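The file target-v4.txt comes next; it holds compact mmCIF, C-alpha atoms (C1' of nucleotides).
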```
# COMPACT_ATOMS: atom_id res chain seq x y z
CA MET A 5 85.59 94.54 114.11
CA GLU A 6 89.03 93.25 113.23
CA ILE A 7 92.01 94.14 115.34
CA GLU A 8 95.60 93.32 114.52
CA ILE A 9 98.40 94.06 116.95
CA ASN A 10 101.95 93.91 115.67
CA ILE A 11 104.16 92.99 118.61
CA ARG A 12 107.36 93.89 116.80
CA SER A 13 106.21 97.33 115.80
CA LYS A 14 107.90 100.34 117.38
CA VAL A 15 104.42 101.67 118.03
CA PRO A 16 103.24 100.53 121.48
CA SER A 17 100.49 97.93 121.57
CA TYR A 18 98.14 100.20 123.49
CA GLN A 19 98.62 102.91 120.88
CA GLN A 20 97.97 100.53 118.01
CA LEU A 21 94.77 99.42 119.67
CA ALA A 22 93.69 102.99 120.36
CA ASP A 23 94.39 103.94 116.76
CA GLN A 24 92.37 101.06 115.38
CA LEU A 25 89.44 101.72 117.67
CA GLU A 26 89.54 105.37 116.69
CA ALA A 27 89.51 104.41 113.02
CA ALA A 28 86.55 102.10 113.59
CA ILE A 29 84.64 104.86 115.32
CA ALA A 30 85.49 107.33 112.57
CA ALA A 31 84.29 104.77 110.04
CA GLY A 32 80.95 104.69 111.80
CA GLU A 33 81.31 101.12 112.96
CA TYR A 34 79.82 102.15 116.27
CA ALA A 35 76.94 104.56 116.58
CA PRO A 36 76.98 107.40 119.09
CA ASP A 37 76.20 106.13 122.58
CA GLU A 38 76.75 102.61 121.39
CA ALA A 39 79.12 100.43 123.39
CA ILE A 40 82.46 99.38 121.96
CA PRO A 41 83.67 95.86 122.86
CA SER A 42 84.28 95.21 126.56
CA LEU A 43 87.74 95.01 128.08
CA LYS A 44 87.43 91.25 128.19
CA GLN A 45 86.42 91.03 124.56
CA LEU A 46 89.27 93.26 123.47
CA LYS A 47 91.64 91.35 125.71
CA ASP A 48 90.60 88.04 124.15
CA GLN A 49 90.59 89.34 120.59
CA THR A 50 93.97 91.00 120.80
CA GLY A 51 95.80 88.75 123.23
CA LEU A 52 96.84 91.81 125.21
CA ALA A 53 96.64 92.07 128.98
CA GLN A 54 93.66 93.84 130.50
CA GLY A 55 95.84 96.67 131.72
CA THR A 56 97.12 97.30 128.23
CA VAL A 57 93.61 97.39 126.82
CA GLN A 58 92.57 99.75 129.59
CA HIS A 59 95.48 102.01 128.69
CA ALA A 60 94.21 102.20 125.12
CA ILE A 61 90.72 103.11 126.33
CA THR A 62 92.18 105.79 128.60
CA VAL A 63 93.83 107.36 125.57
CA LEU A 64 90.53 107.49 123.73
CA GLU A 65 88.79 108.96 126.76
CA ALA A 66 91.44 111.65 127.01
CA LYS A 67 90.75 112.52 123.38
CA GLY A 68 87.06 112.74 124.14
CA LEU A 69 86.14 110.04 121.65
CA VAL A 70 84.50 107.76 124.19
CA TYR A 71 83.09 107.90 127.68
CA THR A 72 82.91 105.14 130.23
CA VAL A 73 80.35 104.03 132.77
CA ARG A 74 81.61 101.57 135.33
CA GLY A 75 79.68 98.32 135.33
CA ARG A 76 78.15 99.16 131.94
CA GLY A 77 80.78 99.73 129.33
CA THR A 78 82.51 102.26 127.14
CA PHE A 79 80.47 104.26 124.66
CA VAL A 80 81.07 106.43 121.64
CA THR A 81 80.79 110.12 122.46
CA PRO A 82 78.05 111.75 120.40
CA GLN A 83 79.08 114.67 118.18
CA ALA A 84 78.62 117.94 120.04
CA MET B 27 108.76 117.23 149.77
CA GLU B 28 106.49 115.22 152.04
CA ILE B 29 104.08 112.76 150.58
CA GLU B 30 101.44 110.90 152.51
CA ILE B 31 99.31 108.23 150.90
CA ASN B 32 96.24 107.06 152.74
CA ILE B 33 95.60 103.48 151.72
CA ARG B 34 92.11 103.41 153.17
CA SER B 35 90.93 106.51 151.41
CA LYS B 36 88.32 106.21 148.70
CA VAL B 37 90.55 108.40 146.58
CA PRO B 38 92.91 106.21 144.51
CA SER B 39 96.57 106.25 145.49
CA TYR B 40 97.67 107.54 142.10
CA GLN B 41 95.21 110.43 142.40
CA GLN B 42 96.40 111.30 145.88
CA LEU B 43 99.96 111.38 144.63
CA ALA B 44 99.02 113.47 141.61
CA ASP B 45 97.13 115.89 143.82
CA GLN B 46 100.02 116.31 146.22
CA LEU B 47 102.54 116.82 143.45
CA GLU B 48 100.24 119.37 141.87
CA ALA B 49 99.96 121.19 145.19
CA ALA B 50 103.73 121.19 145.58
CA ILE B 51 104.15 122.64 142.11
CA ALA B 52 101.50 125.26 142.77
CA ALA B 53 103.29 126.14 145.99
CA GLY B 54 106.43 126.79 143.99
CA GLU B 55 108.36 123.90 145.49
CA TYR B 56 109.76 123.18 142.05
CA ALA B 57 110.81 125.88 139.65
CA PRO B 58 109.77 125.82 136.00
CA ASP B 59 111.89 123.33 134.04
CA GLU B 60 113.12 121.87 137.29
CA ALA B 61 112.84 118.10 137.73
CA ILE B 62 110.42 116.61 140.20
CA PRO B 63 111.56 113.46 142.06
CA SER B 64 112.27 110.43 139.87
CA LEU B 65 109.93 107.46 139.63
CA LYS B 66 112.24 105.47 141.87
CA GLN B 67 112.37 108.20 144.48
CA LEU B 68 108.60 108.57 144.50
CA LYS B 69 108.22 104.81 144.59
CA ASP B 70 110.53 104.53 147.58
CA GLN B 71 109.05 107.51 149.41
CA THR B 72 105.45 106.46 148.96
CA GLY B 73 105.72 102.69 149.02
CA LEU B 74 103.64 102.55 145.85
CA ALA B 75 104.47 100.37 142.87
CA GLN B 76 106.29 101.99 139.96
CA GLY B 77 103.26 101.60 137.73
CA THR B 78 101.10 103.48 140.19
CA VAL B 79 103.58 106.32 140.38
CA GLN B 80 103.80 106.44 136.62
CA HIS B 81 100.02 106.67 136.43
CA ALA B 82 100.12 109.71 138.69
CA ILE B 83 102.71 111.36 136.46
CA THR B 84 100.60 110.58 133.41
CA VAL B 85 97.70 112.45 135.00
CA LEU B 86 99.88 115.51 135.56
CA GLU B 87 101.16 115.35 132.00
CA ALA B 88 97.60 115.19 130.70
CA LYS B 89 96.85 118.35 132.67
CA GLY B 90 99.87 120.01 131.15
CA LEU B 91 101.53 120.62 134.50
CA VAL B 92 104.68 118.66 133.71
CA TYR B 93 106.50 117.27 130.72
CA THR B 94 108.75 114.25 130.56
CA VAL B 95 111.98 113.49 128.78
CA ARG B 96 112.88 109.82 128.66
CA GLY B 97 116.19 109.09 130.30
CA ARG B 98 116.23 112.50 131.96
CA GLY B 99 113.25 113.07 134.15
CA THR B 100 109.95 114.88 134.55
CA PHE B 101 109.94 118.66 134.67
CA VAL B 102 107.60 121.43 135.66
CA THR B 103 105.96 123.08 132.66
CA PRO B 104 106.83 126.78 132.54
CA GLN B 105 103.90 129.21 132.55
CA ALA B 106 102.92 130.09 128.99
C1' DA C 28 66.37 92.05 148.90
C1' DT C 29 69.58 88.86 147.46
C1' DG C 30 72.57 86.95 144.63
C1' DC C 31 75.15 86.51 140.40
C1' DA C 32 77.44 87.68 136.09
C1' DT C 33 79.46 91.33 133.64
C1' DT C 34 82.27 95.29 133.30
C1' DT C 35 85.28 98.88 134.50
C1' DG C 36 88.86 100.62 138.11
C1' DT C 37 92.95 100.19 140.99
C1' DT C 38 97.19 98.14 142.47
C1' DC C 39 101.01 95.08 142.92
C1' DG C 40 105.36 92.93 141.54
C1' DT C 41 108.14 91.95 137.94
C1' DA C 42 110.46 92.08 133.58
C1' DT C 43 112.11 94.17 129.68
C1' DG C 44 112.80 98.02 126.39
C1' DT C 45 114.59 102.57 125.23
C1' DA C 46 116.74 107.09 125.92
C1' DT C 47 120.17 110.13 128.28
C1' DG C 48 124.46 111.40 129.98
C1' DG D 20 130.01 100.33 128.65
C1' DC D 21 127.42 101.77 132.60
C1' DA D 22 124.12 103.91 135.75
C1' DT D 23 119.98 106.34 135.87
C1' DA D 24 115.36 107.29 134.38
C1' DC D 25 111.23 106.87 131.93
C1' DA D 26 108.02 103.50 128.97
C1' DT D 27 105.63 99.41 127.98
C1' DA D 28 103.59 95.10 129.16
C1' DC D 29 102.25 90.97 131.63
C1' DG D 30 99.56 88.26 134.96
C1' DA D 31 97.18 88.37 138.90
C1' DA D 32 94.07 89.89 142.39
C1' DC D 33 90.56 92.45 144.34
C1' DA D 34 87.26 96.47 144.48
C1' DA D 35 83.16 98.76 142.89
C1' DA D 36 79.22 99.66 139.93
C1' DT D 37 75.50 97.96 136.96
C1' DG D 38 71.80 95.16 135.57
C1' DC D 39 69.18 91.19 135.60
C1' DA D 40 67.08 87.00 137.44
```
Entire entry expressed as structure tokens:
Amino acid sequence: MEIEINIRSKVPSYQQLADQLEAAIAAGEYAPDEAIPSLKQLKDQTGLAQGTVQHAITVLEAKGLVYTVRGRGTFVTPQA
Amino acid sequence: MEIEINIRSKVPSYQQLADQLEAAIAAGEYAPDEAIPSLKQLKDQTGLAQGTVQHAITVLEAKGLVYTVRGRGTFVTPQA
DNA sequence: ATGCATTTGTTCGTATGTATG
DNA sequence: GCATACATACGAACAAATGCA
């Protein structure tokens, strides 16, 4: 997927990333229980720090859109 | 209030802090709409980094126990 | 079982931005 | 303008879990 972070935006970087990942999931770019890109991949693709990427993932977890398994990855939550 | 962080515990520092703040709120140590200690105060009292303290606050916000106003402080959510 | 690479989780210290009073 | 307080972000390091060779 394509991710564009606008540094000068008033919207925080982590929020922009979370929004774009959410849109990608909504668009069906990732199937349920399929992994989204790893922290390292997102870090490299966006140029953000790992902590910032992690923050974005935390937001998505809080919204119940993804779930995470340590050592494995972060996966799209299947529809209930 | 008294806060004790056990560095060697398996429980993360931010979670310990969140737990203790939650207990203090539950115990009525802070009235509804009353401010809890500032980030700097918690940072100084616990020896944790500001980011770690902030993480703890974020957890409490996510649980709806407190709400934050930038430039003012973090306050106990009144019972609905 | 051992080791290694990958991946997520926690924490620090620091810097800077933004809002309030 | 200034002091205080929360918000965002970086880079770095290390811990812990997983899976595979």
Select from chain C every residue with an atom at most 9 Å from any atom of segment 22-34 of chain D, then for each give the shortest pair of atoms and their distance in Å to one decimal, using only C-alpha atoms (C1' of nucleotides), rows by chain and rising number, as a Markdown table.
```
| residue | atom | partner | partner_atom | distance |
| --- | --- | --- | --- | --- |
| C:DG36 | C1' | D:DA34 | C1' | 7.8 |
| C:DT37 | C1' | D:DA34 | C1' | 7.6 |
| C:DT38 | C1' | D:DA32 | C1' | 8.8 |
| C:DC39 | C1' | D:DA32 | C1' | 8.7 |
| C:DT41 | C1' | D:DC29 | C1' | 8.7 |
| C:DA42 | C1' | D:DC29 | C1' | 8.5 |
| C:DT43 | C1' | D:DT27 | C1' | 8.5 |
| C:DG44 | C1' | D:DT27 | C1' | 7.5 |
| C:DT45 | C1' | D:DA26 | C1' | 7.6 |
| C:DA46 | C1' | D:DC25 | C1' | 8.2 |
| C:DT47 | C1' | D:DA24 | C1' | 8.3 |
| C:DG48 | C1' | D:DT23 | C1' | 9.0 |
```
Overlay target chain A, mobile chain B, all C-alpha paired in order, as an mmCIF file with C-alpha atoms, in the frame of the given file:
```cif
data_model
loop_
_atom_site.group_PDB
_atom_site.id
_atom_site.type_symbol
_atom_site.label_atom_id
_atom_site.label_comp_id
_atom_site.auth_asym_id
_atom_site.auth_seq_id
_atom_site.Cartn_x
_atom_site.Cartn_y
_atom_site.Cartn_z
ATOM 1 C CA MET B 27 85.609 94.539 114.130
ATOM 2 C CA GLU B 28 89.050 93.241 113.223
ATOM 3 C CA ILE B 29 92.008 94.141 115.328
ATOM 4 C CA GLU B 30 95.589 93.342 114.494
ATOM 5 C CA ILE B 31 98.402 94.070 116.906
ATOM 6 C CA ASN B 32 101.933 93.941 115.604
ATOM 7 C CA ILE B 33 104.173 92.983 118.491
ATOM 8 C CA ARG B 34 107.355 93.931 116.685
ATOM 9 C CA SER B 35 106.220 97.386 115.751
ATOM 10 C CA LYS B 36 107.879 100.370 117.361
ATOM 11 C CA VAL B 37 104.406 101.693 118.034
ATOM 12 C CA PRO B 38 103.230 100.522 121.483
ATOM 13 C CA SER B 39 100.475 97.921 121.550
ATOM 14 C CA TYR B 40 98.119 100.177 123.481
ATOM 15 C CA GLN B 41 98.595 102.909 120.873
ATOM 16 C CA GLN B 42 97.945 100.525 118.014
ATOM 17 C CA LEU B 43 94.746 99.417 119.682
ATOM 18 C CA ALA B 44 93.683 102.989 120.375
ATOM 19 C CA ASP B 45 94.387 103.940 116.781
ATOM 20 C CA GLN B 46 92.366 101.067 115.386
ATOM 21 C CA LEU B 47 89.429 101.727 117.672
ATOM 22 C CA GLU B 48 89.538 105.380 116.705
ATOM 23 C CA ALA B 49 89.520 104.419 113.032
ATOM 24 C CA ALA B 50 86.565 102.111 113.586
ATOM 25 C CA ILE B 51 84.652 104.876 115.322
ATOM 26 C CA ALA B 52 85.511 107.336 112.577
ATOM 27 C CA ALA B 53 84.312 104.794 110.038
ATOM 28 C CA GLY B 54 80.972 104.703 111.804
ATOM 29 C CA GLU B 55 81.329 101.118 112.963
ATOM 30 C CA TYR B 56 79.816 102.144 116.276
ATOM 31 C CA ALA B 57 76.954 104.568 116.567
ATOM 32 C CA PRO B 58 77.004 107.422 119.070
ATOM 33 C CA ASP B 59 76.209 106.148 122.575
ATOM 34 C CA GLU B 60 76.745 102.615 121.376
ATOM 35 C CA ALA B 61 79.128 100.429 123.385
ATOM 36 C CA ILE B 62 82.451 99.370 121.966
ATOM 37 C CA PRO B 63 83.668 95.846 122.849
ATOM 38 C CA SER B 64 84.255 95.193 126.552
ATOM 39 C CA LEU B 65 87.710 95.002 128.095
ATOM 40 C CA LYS B 66 87.436 91.231 128.220
ATOM 41 C CA GLN B 67 86.430 90.994 124.585
ATOM 42 C CA LEU B 68 89.275 93.243 123.493
ATOM 43 C CA LYS B 69 91.654 91.340 125.732
ATOM 44 C CA ASP B 70 90.616 88.027 124.217
ATOM 45 C CA GLN B 71 90.597 89.301 120.640
ATOM 46 C CA THR B 72 93.974 90.980 120.836
ATOM 47 C CA GLY B 73 95.827 88.736 123.248
ATOM 48 C CA LEU B 74 96.868 91.809 125.215
ATOM 49 C CA ALA B 75 96.715 92.057 128.988
ATOM 50 C CA GLN B 76 93.706 93.795 130.515
ATOM 51 C CA GLY B 77 95.862 96.653 131.734
ATOM 52 C CA THR B 78 97.135 97.298 128.239
ATOM 53 C CA VAL B 79 93.626 97.374 126.847
ATOM 54 C CA GLN B 80 92.536 99.706 129.598
ATOM 55 C CA HIS B 81 95.418 102.018 128.749
ATOM 56 C CA ALA B 82 94.189 102.189 125.168
ATOM 57 C CA ILE B 83 90.695 103.090 126.346
ATOM 58 C CA THR B 84 92.136 105.754 128.624
ATOM 59 C CA VAL B 85 93.815 107.350 125.613
ATOM 60 C CA LEU B 86 90.512 107.475 123.741
ATOM 61 C CA GLU B 87 88.764 108.948 126.759
ATOM 62 C CA ALA B 88 91.432 111.632 127.026
ATOM 63 C CA LYS B 89 90.757 112.516 123.394
ATOM 64 C CA GLY B 90 87.071 112.738 124.137
ATOM 65 C CA LEU B 91 86.154 110.037 121.644
ATOM 66 C CA VAL B 92 84.502 107.747 124.177
ATOM 67 C CA TYR B 93 83.118 107.891 127.677
ATOM 68 C CA THR B 94 82.913 105.114 130.217
ATOM 69 C CA VAL B 95 80.319 104.064 132.737
ATOM 70 C CA ARG B 96 81.568 101.645 135.360
ATOM 71 C CA GLY B 97 79.664 98.396 135.351
ATOM 72 C CA ARG B 98 78.146 99.182 131.965
ATOM 73 C CA GLY B 99 80.734 99.731 129.319
ATOM 74 C CA THR B 100 82.500 102.269 127.136
ATOM 75 C CA PHE B 101 80.473 104.263 124.642
ATOM 76 C CA VAL B 102 81.074 106.426 121.628
ATOM 77 C CA THR B 103 80.821 110.128 122.429
ATOM 78 C CA PRO B 104 78.073 111.749 120.360
ATOM 79 C CA GLN B 105 79.115 114.671 118.154
ATOM 80 C CA ALA B 106 78.623 117.948 120.006
#
```
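With the cut-off set to 12 Å and only C-alpha atoms counted, chain B residues close to chain A are B:Gly77, B:His81, B:Thr84, B:Val85, B:Glu87, B:Ala88, B:Lys89.
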What is the distance, in Å and to one decimal place, between atom CA of Val80 of chain A and atom CA of Pro36 of chain A? 4.9 Å
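Between atom C1' of DG40 of chain C and atom CA of Leu43 of chain B lies a distance of 19.5 Å.
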Sort by chain and increasing residue number a table of all residues of chain C within 10 Å of chain A, each with its closest pair of atoms and their distance in Å to one decimal, counting all atoms listed in the file, and write it as a tab-separated table.
```
residue	atom	partner	partner_atom	distance
C:DT33	C1'	A:Gly75	CA	7.2
C:DT34	C1'	A:Gly75	CA	4.5
C:DT35	C1'	A:Arg74	CA	4.6
C:DG36	C1'	A:Arg74	CA	7.8
```
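Between atom CA of Gln20 of chain A and atom CA of Ala82 of chain B the separation is 22.7 Å.
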When you look at DC31 of chain C with a cut-off of 12 Å (counting all atoms listed in the file), what residues show up, excluding the ones that are within fewer than 4 positions of it in the same chain? I need them as number ranges by chain. D: 37-40
Leaving out Met5 of chain A and any residue of its chain fewer than 5 positions from it, which residues lie within 9 Å of it when counting all atoms listed in the file, given as an NGL selection string? :A and (25 or 28 or 33)
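Residue nearest Leu68 of chain B within the list B:Val92, B:Ile83, B:Ala49, B:Val37: B:Ile83 [criterion: smallest interatomic distance, only C-alpha atoms].
Nearest residue to chain D, choosing from A:Gly68, A:Pro82, A:Pro16, A:Pro41 and counting all atoms listed in the file: A:Pro16.
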